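These notes are about the structure you will find just below.
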Amino acid sequence: MPVEITWWGHATCTVEDSGVRVLTDPLFARRLAHLRRRRGAVPPPAAAVADVVLVSHLHSDHLHLPSLARLAPGTRLVLPHGAVRAVPGLRKLDLRLTEVRAGERLDVGELRIRVVSARHDGRRLPFGPHRSPALGYVVEGRARTYFAGDTGLFDEMAEEVGPVDVALLPVGGWGPHLGPGHLDAGRAAEALAALAPRAAVPVHYGTYWPIGLDGVRPHEFHAPGDDFVRHAARLAPGVRVHRLGHGESVRPEGAR
């Protein structure tokens with residue numbers, strides 16, 4: 001069976017490969033602090049079914065304890081090194097916690113997961129001084145799928161990530177302005193050109209938005225997916241881009 005990608009919204013995806021279900025940065029909330037889910041239904045219980053869960057960094061829209069509590073007891077949760085110290089609530093979850101650093105590898109069933117670096121502030125804001133690296137992951141099975149997490153563009157990205165078949169790239173955010181350490185649609189297309197996968201899925205846009213700011217720079221909410229498709233056609237014309245709706249799945253052509 002070829003790899004199948006499902007986008008549940010924001011940075012939450014299911015990658016199903018070689019009979020293993022990999023879930024990324026699960027966020028199943030209708031509201032998170034000052035953010036509300038403005039597009040797409042809250043993912044159904046089936047979205048929380050996973051063999052392994054990958055968390056890219058400690059920001060609460062990527063490491064969300066109530067969403068992690070929906071996972072089945074004993075599910076393996078892979079986290080950046082230092083996460084448990086920075087987020088003590090993780091110890092209360094009935095999950096198998098594995099902390100990792102960039103450069104490490106781990107096997108899950110028939111998959112190998114490589115940990116790669118990201119350029120993003122990985123602290124658990126606004127709490128405490130404890131730092132933890134932001135990470136990306138390459139899931140290697142029948143296909144090689146790169147989940148970038150949250151990251152800015154950096155020169156060593158393609159070299160560190162290596163050859164991949166599918167790239168899940170952030171193309172936006174949850175507010176009117178993107179700070180440093182993020183990719184917008186244009187920079188994500190530059191990353192795509194450097195990575196040169198066979199297929200790509202834009203993520204991390206068009207889901208959450210601050211309450212009361214619907215009319216402030218609304219194009220930053222609505223446009224990033226289409227903008228990424230347009231920029232990718234110019235900078236990486238050989239890559240097939242799949243702009244998914246919330247809850248939609250794709251089996252990318254060309255993935256092994």
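Chain labels run A, B, ... following the order of the structure tokens; each chain numbers its residues from 1, and ligands are numbered from 1 in the order shown.
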Exercise for review: Show which residues sit within 12 Å of Pro133 in chain A, as a VMD selection string. Count only C-alpha atoms, and ignore same-chain residues fewer than 4 positions away.
Suggested key: chain A and resid 55 to 59 79 to 83 86 99 to 102 115 to 124 149 to 151
Could you write out that same residue set with N, CA and C atoms as a JSON list (two decimals), in the first residue's frame?
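So part21.json came out as:
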```json
[["chain", "number", "residue", "atom", "x", "y", "z"],
["A", 55, "VAL", "N", 6.16, 15.10, 17.95],
["A", 55, "VAL", "CA", 5.97, 16.50, 18.35],
["A", 55, "VAL", "C", 7.21, 17.28, 17.93],
["A", 56, "SER", "N", 6.99, 18.36, 17.21],
["A", 56, "SER", "CA", 8.11, 19.10, 16.64],
["A", 56, "SER", "C", 8.74, 20.09, 17.62],
["A", 57, "HIS", "N", 7.93, 20.71, 18.47],
["A", 57, "HIS", "CA", 8.47, 21.65, 19.46],
["A", 57, "HIS", "C", 7.41, 21.89, 20.52],
["A", 58, "LEU", "N", 7.75, 22.73, 21.50],
["A", 58, "LEU", "CA", 6.96, 22.80, 22.72],
["A", 58, "LEU", "C", 5.88, 23.87, 22.74],
["A", 59, "HIS", "N", 5.74, 24.67, 21.71],
["A", 59, "HIS", "CA", 4.67, 25.66, 21.70],
["A", 59, "HIS", "C", 3.32, 24.95, 21.83],
["A", 79, "LEU", "N", 9.42, 13.32, 21.42],
["A", 79, "LEU", "CA", 9.48, 14.73, 21.81],
["A", 79, "LEU", "C", 10.90, 15.25, 21.72],
["A", 80, "PRO", "N", 11.07, 16.57, 21.54],
["A", 80, "PRO", "CA", 12.42, 17.14, 21.62],
["A", 80, "PRO", "C", 13.04, 16.94, 23.00],
["A", 81, "HIS", "N", 14.34, 16.78, 23.02],
["A", 81, "HIS", "CA", 15.06, 16.61, 24.28],
["A", 81, "HIS", "C", 14.78, 17.79, 25.21],
["A", 82, "GLY", "N", 14.46, 17.48, 26.47],
["A", 82, "GLY", "CA", 14.15, 18.51, 27.45],
["A", 82, "GLY", "C", 12.68, 18.80, 27.60],
["A", 83, "ALA", "N", 11.83, 18.16, 26.81],
["A", 83, "ALA", "CA", 10.40, 18.46, 26.84],
["A", 83, "ALA", "C", 9.78, 18.13, 28.19],
["A", 86, "ALA", "N", 10.55, 20.71, 30.75],
["A", 86, "ALA", "CA", 9.90, 21.99, 30.48],
["A", 86, "ALA", "C", 8.39, 21.92, 30.64],
["A", 99, "GLU", "N", 12.43, 11.12, 24.31],
["A", 99, "GLU", "CA", 13.03, 12.40, 23.94],
["A", 99, "GLU", "C", 14.17, 12.17, 22.95],
["A", 100, "VAL", "N", 14.25, 13.05, 21.95],
["A", 100, "VAL", "CA", 15.25, 12.88, 20.89],
["A", 100, "VAL", "C", 15.91, 14.19, 20.56],
["A", 101, "ARG", "N", 17.08, 14.08, 19.93],
["A", 101, "ARG", "CA", 17.82, 15.22, 19.40],
["A", 101, "ARG", "C", 18.00, 15.05, 17.89],
["A", 102, "ALA", "N", 18.30, 16.14, 17.22],
["A", 102, "ALA", "CA", 18.60, 16.08, 15.79],
["A", 102, "ALA", "C", 19.77, 15.13, 15.56],
["A", 115, "VAL", "N", 15.53, 12.12, 12.89],
["A", 115, "VAL", "CA", 15.27, 13.41, 13.52],
["A", 115, "VAL", "C", 16.20, 14.44, 12.91],
["A", 116, "VAL", "N", 15.63, 15.54, 12.44],
["A", 116, "VAL", "CA", 16.43, 16.61, 11.82],
["A", 116, "VAL", "C", 16.15, 17.92, 12.54],
["A", 117, "SER", "N", 16.99, 18.88, 12.34],
["A", 117, "SER", "CA", 16.85, 20.15, 13.05],
["A", 117, "SER", "C", 15.86, 21.06, 12.34],
["A", 118, "ALA", "N", 15.43, 22.08, 13.07],
["A", 118, "ALA", "CA", 14.57, 23.13, 12.53],
["A", 118, "ALA", "C", 15.10, 24.46, 13.06],
["A", 119, "ARG", "N", 14.70, 25.54, 12.43],
["A", 119, "ARG", "CA", 15.09, 26.88, 12.86],
["A", 119, "ARG", "C", 13.85, 27.59, 13.40],
["A", 120, "HIS", "N", 13.65, 27.44, 14.72],
["A", 120, "HIS", "CA", 12.44, 27.95, 15.35],
["A", 120, "HIS", "C", 12.69, 28.02, 16.86],
["A", 121, "ASP", "N", 12.06, 28.94, 17.55],
["A", 121, "ASP", "CA", 12.19, 29.04, 18.99],
["A", 121, "ASP", "C", 11.41, 27.89, 19.62],
["A", 122, "GLY", "N", 12.12, 26.96, 20.25],
["A", 122, "GLY", "CA", 11.47, 25.76, 20.77],
["A", 122, "GLY", "C", 11.02, 25.85, 22.20],
["A", 123, "ARG", "N", 11.12, 27.02, 22.85],
["A", 123, "ARG", "CA", 10.75, 27.13, 24.26],
["A", 123, "ARG", "C", 9.24, 26.96, 24.46],
["A", 124, "ARG", "N", 8.88, 26.54, 25.68],
["A", 124, "ARG", "CA", 7.48, 26.45, 26.07],
["A", 124, "ARG", "C", 7.06, 27.83, 26.57],
["A", 149, "GLY", "N", 7.65, 20.46, 10.77],
["A", 149, "GLY", "CA", 7.27, 21.14, 12.00],
["A", 149, "GLY", "C", 7.10, 22.62, 11.73],
["A", 150, "ASP", "N", 7.68, 23.44, 12.60],
["A", 150, "ASP", "CA", 7.74, 24.89, 12.37],
["A", 150, "ASP", "C", 9.21, 25.23, 12.16],
["A", 151, "THR", "N", 9.51, 25.93, 11.10],
["A", 151, "THR", "CA", 10.91, 26.24, 10.83],
["A", 151, "THR", "C", 11.02, 27.43, 9.90]]
```
Excluding range 17-32 of chain A and any residue of its chain fewer than 6 positions from it, enumerate the residues within 8 Å of it, using only C-alpha atoms, and give them as a compact mmCIF listing (two decimals) with C-alpha atoms, in the first residue's frame.
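Once written, out_7.txt looks like this:
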```txt
# COMPACT_ATOMS: atom_id res chain seq x y z
CA MET A 1 0.00 0.00 0.00
CA PRO A 2 1.44 3.42 -0.91
CA VAL A 3 1.88 6.15 1.66
CA GLU A 4 -1.27 8.07 2.57
CA HIS A 10 -2.82 23.31 11.41
CA ALA A 11 0.30 21.06 11.69
CA VAL A 42 -12.54 19.38 15.06
CA PRO A 43 -10.92 16.10 13.97
CA ALA A 48 -6.13 10.26 17.48
CA VAL A 49 -5.41 6.66 16.48
CA ALA A 50 -1.67 6.33 15.98
CA ASP A 51 1.22 3.97 16.54
CA VAL A 52 3.65 6.82 17.13
CA VAL A 53 3.19 10.57 17.61
CA LEU A 54 5.84 13.11 16.61
CA VAL A 55 5.97 16.50 18.35
CA SER A 56 8.11 19.10 16.64
CA ASP A 61 -0.32 24.74 19.41
CA HIS A 62 2.09 21.87 18.68
CA LEU A 63 2.44 20.23 22.09
CA HIS A 64 -1.14 20.40 23.38
CA SER A 67 -5.04 16.61 22.69
CA LEU A 68 -2.26 14.23 23.73
CA VAL A 108 8.76 1.94 14.70
CA GLY A 109 7.53 -1.26 13.09
CA GLU A 110 8.80 -1.24 9.52
CA LEU A 111 9.49 2.50 9.62
CA GLY A 141 9.20 3.36 4.83
CA ARG A 142 7.71 2.75 1.41
CA ALA A 143 8.19 6.51 1.02
CA PHE A 147 7.50 16.72 8.34
CA GLY A 149 7.27 21.14 12.00
```
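If only C-alpha atoms are the atoms counted, then among A:Val15, A:Leu244, A:Leu195, A:Val250 the closest residue to Glu160 in chain A is A:Leu195.
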Item checked: CA of Pro210 in chain A to CA of Leu35 in chain A, straight-line distance in Å ->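 Distance between the two atoms: 4.4 Å.
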Practice item. May I have all residues of range 28-159 of chain A that DSSP, computed from the backbone, assigns to helix (DSSP H, G or I), given as an MDAnalysis selection string? Key: chainID A and resid 45:48 65:68 83:86 88:92 157:159
Using only C-alpha atoms, the best pick from A:Glu248, A:Glu190, A:Asp94, A:Glu140 as closest to Phe154 in chain A would be A:Glu190
Quiz prompt | One-decimal distance in Å that lies between CA of Leu169 in chain A and CA of Pro202 in chain A | solution =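 Pair CA of Pro202 in chain A / CA of Leu169 in chain A returns 5.2 Å.
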Next item on the list: Please return as a ChimeraX atom specification: the residues of range 1-247 of chain A that backbone DSSP assigns to strand (DSSP E or B).
Entry: /A:4-9,12-17,20-24,31-32,35-37,52-54,76-80,96-100,105-108,111-117,135-140,144-147,166-170,199-203,208-210,240-241
_Counting only C-alpha atoms, the option among A:Arg230, A:Arg114, A:Arg39, A:Arg70 closest to Leu95 in chain A_ =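 Closest candidate: A:Arg70.
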CA of His231 in chain A sits from CA of Gly186 in chain A at a separation of 6.0 Å
Of A:Ala41, A:Leu192, A:Leu213, A:Val201, the one nearest to Gly238 in chain A when counting only C-alpha atoms is A:Leu192
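Around Ala193 in chain A, within 9 Å and counting only C-alpha atoms, the residues found are Ala188, Ala232, Leu235, Ala236, Pro237 and Val239 of chain A, once anything fewer than 5 positions away on its own chain is removed.
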The selected residues should be written to file as a PDB file, in the first residue's frame (atoms: N, CA and C atoms).
```pdb
ATOM      1  N   ALA A 188       8.425  28.875   1.747  1.00  0.00           N
ATOM      2  CA  ALA A 188       8.167  27.434   1.684  1.00  0.00           C
ATOM      3  C   ALA A 188       8.412  26.899   0.279  1.00  0.00           C
ATOM      4  N   ALA A 232       5.124  27.494  -5.907  1.00  0.00           N
ATOM      5  CA  ALA A 232       5.749  26.202  -6.194  1.00  0.00           C
ATOM      6  C   ALA A 232       5.757  25.925  -7.693  1.00  0.00           C
ATOM      7  N   LEU A 235       8.814  27.948  -8.880  1.00  0.00           N
ATOM      8  CA  LEU A 235      10.144  27.622  -8.363  1.00  0.00           C
ATOM      9  C   LEU A 235      10.462  26.135  -8.400  1.00  0.00           C
ATOM     10  N   ALA A 236       9.426  25.289  -8.336  1.00  0.00           N
ATOM     11  CA  ALA A 236       9.636  23.835  -8.308  1.00  0.00           C
ATOM     12  C   ALA A 236       8.601  23.163  -9.187  1.00  0.00           C
ATOM     13  N   PRO A 237       8.642  23.424 -10.486  1.00  0.00           N
ATOM     14  CA  PRO A 237       7.568  22.948 -11.368  1.00  0.00           C
ATOM     15  C   PRO A 237       7.478  21.436 -11.459  1.00  0.00           C
ATOM     16  N   VAL A 239       7.406  19.393  -8.964  1.00  0.00           N
ATOM     17  CA  VAL A 239       6.821  18.830  -7.743  1.00  0.00           C
ATOM     18  C   VAL A 239       5.302  18.900  -7.830  1.00  0.00           C
TER      19      VAL A 239
END
```
So that I can check the surroundings of Ala148 in chain A, please list as a VMD selection string every protein, DNA and RNA residue that reaches within 7 Å of it, counting only C-alpha atoms and ignoring chain neighbours fewer than 4 positions away. chain A and resid 136 to 137 168 to 169
Output all heavy atoms for every residue in the selection just made, as a short mmCIF file (atom, residue, chain, number, x, y, z; two decimals), in the first residue's frame.
```
data_model
loop_
_atom_site.label_atom_id
_atom_site.label_comp_id
_atom_site.auth_asym_id
_atom_site.auth_seq_id
_atom_site.Cartn_x
_atom_site.Cartn_y
_atom_site.Cartn_z
N GLY A 136 12.42 18.62 13.13
CA GLY A 136 11.63 18.04 12.06
C GLY A 136 11.89 16.54 12.04
O GLY A 136 12.79 16.04 12.75
N TYR A 137 11.13 15.84 11.24
CA TYR A 137 11.26 14.38 11.19
C TYR A 137 11.14 13.89 9.74
O TYR A 137 10.34 14.44 8.97
CB TYR A 137 10.17 13.70 12.02
CG TYR A 137 10.18 14.06 13.48
CD1 TYR A 137 9.42 15.13 13.97
CD2 TYR A 137 10.96 13.35 14.40
CE1 TYR A 137 9.42 15.47 15.31
CE2 TYR A 137 10.97 13.67 15.74
CZ TYR A 137 10.20 14.73 16.19
OH TYR A 137 10.21 15.06 17.53
N LEU A 168 5.92 17.77 3.89
CA LEU A 168 4.82 18.45 4.57
C LEU A 168 5.39 19.75 5.11
O LEU A 168 6.12 19.76 6.11
CB LEU A 168 4.27 17.59 5.70
CG LEU A 168 3.95 16.13 5.36
CD1 LEU A 168 3.43 15.39 6.59
CD2 LEU A 168 2.95 16.05 4.22
N LEU A 169 5.08 20.87 4.45
CA LEU A 169 5.75 22.14 4.73
C LEU A 169 4.77 23.16 5.29
O LEU A 169 3.68 23.37 4.73
CB LEU A 169 6.38 22.70 3.46
CG LEU A 169 7.54 21.90 2.85
CD1 LEU A 169 7.99 22.55 1.56
CD2 LEU A 169 8.70 21.80 3.84
#
```
- Polymer residues at most 12 Å from Asp214 in chain A, only C-alpha atoms, same-chain spacing of 2 or more positions, as a ChimeraX atom specification: /A:35-39,174-176,206,208-212,216-222
Restricting to only C-alpha atoms, whichever of A:Arg131, A:Arg234, A:Arg96, A:Arg240 is closest to Val166 in chain A is A:Arg240
